[in-house]
Structure formats: C-alpha cells, structure tokens
Amino acid sequence: MPPVKKKLKKSLDSSFFEPKSQGGRRGSSPNSETAHADAGGGSTAEYVSEGGDEQLDTDTKIAILASLHPSISTAALIDILLSTNGSIKATSQLLAAGQITPQARKPPSTTNQSSLESFISTQGASTSISATTSAPKPPPKGQTLHLYTPASIALHTPCVLHTSFLPPPLATTLLQELLLESTTFPPPGKFNLFSRTVQSPHRSVMYTTTPATTPYYYQGITLPPPRAFTPSMSTAAGLVEKHFRTLEPRGRITAALVNCYAGPQQGVGFHTDALTYIGPRAIICTLSLGVTREFRIQKQPPSSHSSGTYSIHLPHNSLLVMTAGMQESWKHSIPLVQRVDRHEVSGDTRIAITYRWYRDDYGPEVTPACGCGARMVLRPVWGGEKYFWSCDGEYRGVGEGCGYFKWAMFGEGGKPLFEGEKGKVVGGDGGEKVSS
C-alpha cells in the first residue's frame, strides 16, 4: 500500500526562520577595501553567455553589471545602460575608460534616483530614472555568472566571502600541516546510489574537538573514528568560531570535514551538505587553502532548472560562509577543470576545511533508527520549512531500503522533538504500521 499523503503543518516555529543579523551581510567583509571595484581597473566578474545581449531582460543586465562593477549604484547602472542602447559590453567599456565618477552602492533597502549627467563627463540626454536596488534576477538557464569580489558574491548569492581570513603565517602553517595529514587519508570511498556503485571524487577525513562515543554515518557508510584537531586547526577554529558566533550566538565549532582535492581532475558534483548532525538552517564556514578553485551554486528545486549557475572563485586563505537556509534551497559543487594556477606551497592541490557546529541534540546516539538497523538521515523539502527523517537504504545497497519516513518536528532553536511523535513506517512487505 502506498504511503498515505497528509496535509502538513509547518514543522519549524516561524521565529526560527527569521534571518540572523549578519552585520550588513551584503557587501560586508573584514577586508572591505577588496569589496569595491575600481571603476578604472579590471572587472570583478565575468559573464559567460552563449547568446547576445538582446536575449536578456533589463533586470538580468543590471545584475550582470552589478557583479562586474559592484561600487556603482544600481540607478547609475540603469542610466548608463540606457545611454548604450542596452549593451553590457559598451557600458562596461565606459566604466573601464574612466568616464564615470563612481558612486558608492547604497544598501538594498534604499531607493535611489539619479541622472546620466551625474556620472558621465560627456554631454548626453538628461533622462532621470527611479529604481530600487532589489535583488537581481539570476543568470538565464544554461549560463554561468562568475563572481570574484565579496560585494558581488553577497549581492547575488546566500554566501559571504572573507578574503585573507587568517594571519598569513598561520594560513601557511595550517596548509603545510594538512598537506602532510592528507598523505594518511584513506583512498576515496565508495557508496551505493540507486543500485549503482559510486566512488567519491576526492579524499576526506572528519575531525572533532571531542572523541566520538558512537559512530557517525554518511551515505550509508560507517565513518572511521574522527581525528582530533591538529594544533593549527584548533587555532584557526578559534578564529572561525569568533565569527560564527556573531551569526549564531548559541553555536560553537565542534567538527570539521577536511577535503583534499589533489589536482584539477578532483572535485565533487552538485549536492547539499547533510543536515543529520547539524540540524536545520545550519551555518557552515569553509576555509580554503592552497590552489584557487571554483565553487558553483545553483538554486533549487532541481525540477525547475529555470536559472543559471553562479561561480565563486575561492582563493587561498579565504573563508566562505554558507548562511542559514542555503542547504535547504541551493546545491553546490567543485567542478572538475583542465588546469589550475599552481600555488607556491600546495602546487595543484586544494585543502578545504568545512568547520561546523555538530550539535549535541543531533548526535548519532539520539537520531532515530530505521527498520534497516542504521541511523536515519535528516533531509529538507526544498524551501526549508519542512524536514523529514528517512531511511538511507539507497546508499547502503539494499534497494530502496525499508521505506521508513517520518516528518521531523522541532522545538525552540531547531531542537529536534522525538518523544511522543508518531510517523508513518512503510514496512518491507508493503504493509503499514505506526511507530512511536
């Protein structure tokens, strides 16, 4: 008998979805001088398109120009775009030629009205246009918008990039330390996915601040016991935690997954980070060391495929913060490439440390067990206002698993509620039963 469909109530209290203060996230960075492009200098983003400008609407053109020239206000970009008959290339050339007097971008909540005469030194029409700095539309389907500065990244995506995050000597020491550690990482693991054996495209090891008493699981695999933080990892974790707690005051850094991408042909496909041990609306901080690699993200749900992809370039010693709710609404990847610009210490290798708050109330000893005998995984319904616990049998090579499915319920601060809850269990024989 198929599972019974029920009308569901929101499983998280509405206050849990209120955005945390992020210190003026859009355009903010501890290195604010790198967040604004010089109007007479090189571009800060590159738009890759298979079609001409005429295929794009005005909002998309403004979004592209905002990523290329984040220091210019939206109203000014609209005026300049009009003067070039809608040409992105011509608008950028005017800016690069130094014919524009830059005006700082105002916060997204403000309304700005201006004239072309205020920004171009040559004579032109005095057309006046009013526009709000609303969130720009995403790049069209099949297109990739490359973002290079903290300002353009914060404008277009749910990510915040902090460049030169660690003191440079610490960043170098940590990179050297983890390059040595990576020589002891186990080979890429294998797991089952929809009756196929899939091999992980890079090597990873979990580190925690305290020894684990119960095994952790990932994609149906019992992970090796986590290692203890190395000395430099602990020092860096303290600095990451200081920033993390400005976004999530209750949290702390308790775990880190260290990924080693040895060469341009190692990466990882589009995915979301598992919520099973970090809970809903988690904040994840990724420290990149070594060679620069692309980090691509795409809005979900996957069925729509209505928008393009954003590409964020992560240089050595940068911290990328994936803000609350990103795992519920976006997928991310590290694409394989033909070549990379070598790093003086790591060569063509990138080390990524994803610092996380592994919550005590989501530990493997308390998360629900399914009929297959393993711990279940926590997954979101795209959009992030509903979550469910489900069997991970598809990863363990047991077909579709036992069919265990249970809507997740939460208390204050996203704390999971297990006691007294009833969920639907679909047994292996197709029969239904109710489990407490």
# chains A, B, ... in the order shown; residues from 1 in each chain; ligands from 1

$ select_by_dssp --residues "region 227-340 of chain A" --states "strand (DSSP E or B)" --output "JSON list (two decimals) with C-alpha atoms, in the first residue's frame"
[["chain", "number", "residue", "atom", "x", "y", "z"],
["A", 227, "ARG", "CA", 40.54, 12.51, 14.33],
["A", 228, "ALA", "CA", 41.42, 15.21, 16.83],
["A", 255, "ALA", "CA", 33.72, 19.44, 13.95],
["A", 256, "ALA", "CA", 35.45, 19.92, 10.64],
["A", 257, "LEU", "CA", 35.42, 17.86, 7.47],
["A", 258, "VAL", "CA", 38.77, 18.22, 5.70],
["A", 259, "ASN", "CA", 38.58, 17.63, 1.93],
["A", 260, "CYS", "CA", 41.67, 17.19, -0.21],
["A", 261, "TYR", "CA", 41.33, 17.93, -3.95],
["A", 262, "ALA", "CA", 44.59, 16.66, -5.42],
["A", 268, "VAL", "CA", 32.57, 16.98, -6.30],
["A", 269, "GLY", "CA", 29.22, 17.20, -8.08],
["A", 270, "PHE", "CA", 26.20, 19.24, -7.09],
["A", 271, "HIS", "CA", 24.95, 18.33, -3.63],
["A", 284, "ILE", "CA", 28.79, 26.27, 7.51],
["A", 285, "CYS", "CA", 32.17, 28.00, 7.25],
["A", 286, "THR", "CA", 34.60, 26.69, 4.63],
["A", 287, "LEU", "CA", 38.26, 27.70, 4.83],
["A", 288, "SER", "CA", 40.09, 27.29, 1.50],
["A", 289, "LEU", "CA", 43.85, 26.72, 1.44],
["A", 290, "GLY", "CA", 46.18, 26.23, -1.49],
["A", 293, "ARG", "CA", 39.15, 26.53, -7.27],
["A", 294, "GLU", "CA", 35.64, 27.37, -8.43],
["A", 295, "PHE", "CA", 32.70, 26.87, -6.08],
["A", 296, "ARG", "CA", 29.47, 26.69, -8.09],
["A", 297, "ILE", "CA", 25.98, 27.03, -6.68],
["A", 298, "GLN", "CA", 22.52, 26.69, -8.20],
["A", 299, "LYS", "CA", 19.09, 27.49, -6.80],
["A", 309, "THR", "CA", 24.69, 28.92, -12.09],
["A", 310, "TYR", "CA", 26.89, 31.20, -10.00],
["A", 311, "SER", "CA", 30.61, 30.56, -9.84],
["A", 312, "ILE", "CA", 32.53, 31.85, -6.81],
["A", 313, "HIS", "CA", 36.32, 31.73, -7.01],
["A", 314, "LEU", "CA", 37.87, 30.73, -3.68],
["A", 318, "SER", "CA", 39.56, 32.71, 2.15],
["A", 319, "LEU", "CA", 36.57, 31.86, 4.35],
["A", 320, "LEU", "CA", 33.26, 31.22, 2.59],
["A", 321, "VAL", "CA", 30.22, 31.34, 4.87],
["A", 322, "MET", "CA", 27.18, 29.42, 3.66],
["A", 330, "TRP", "CA", 20.75, 25.62, -3.03],
["A", 331, "LYS", "CA", 23.14, 22.95, -4.25],
["A", 332, "HIS", "CA", 26.89, 23.48, -4.56],
["A", 333, "SER", "CA", 29.80, 21.78, -6.30],
["A", 334, "ILE", "CA", 33.52, 21.91, -7.03]]

$ closest_residue --among "A:Ser73, A:Lys137, A:Pro264, A:Gly383" --to "Arg339 (chain A)" --atoms "only C-alpha atoms"
A:Pro264

$ closest_residue --among "A:Ser307, A:Ser182, A:Thr209, A:Thr230" --to "Arg252 (chain A)" --atoms "only C-alpha atoms"
A:Thr209

$ atom_distance --atom1 "CA of Val205 (chain A)" --atom2 "CA of Phe185 (chain A)"
6.5 Å
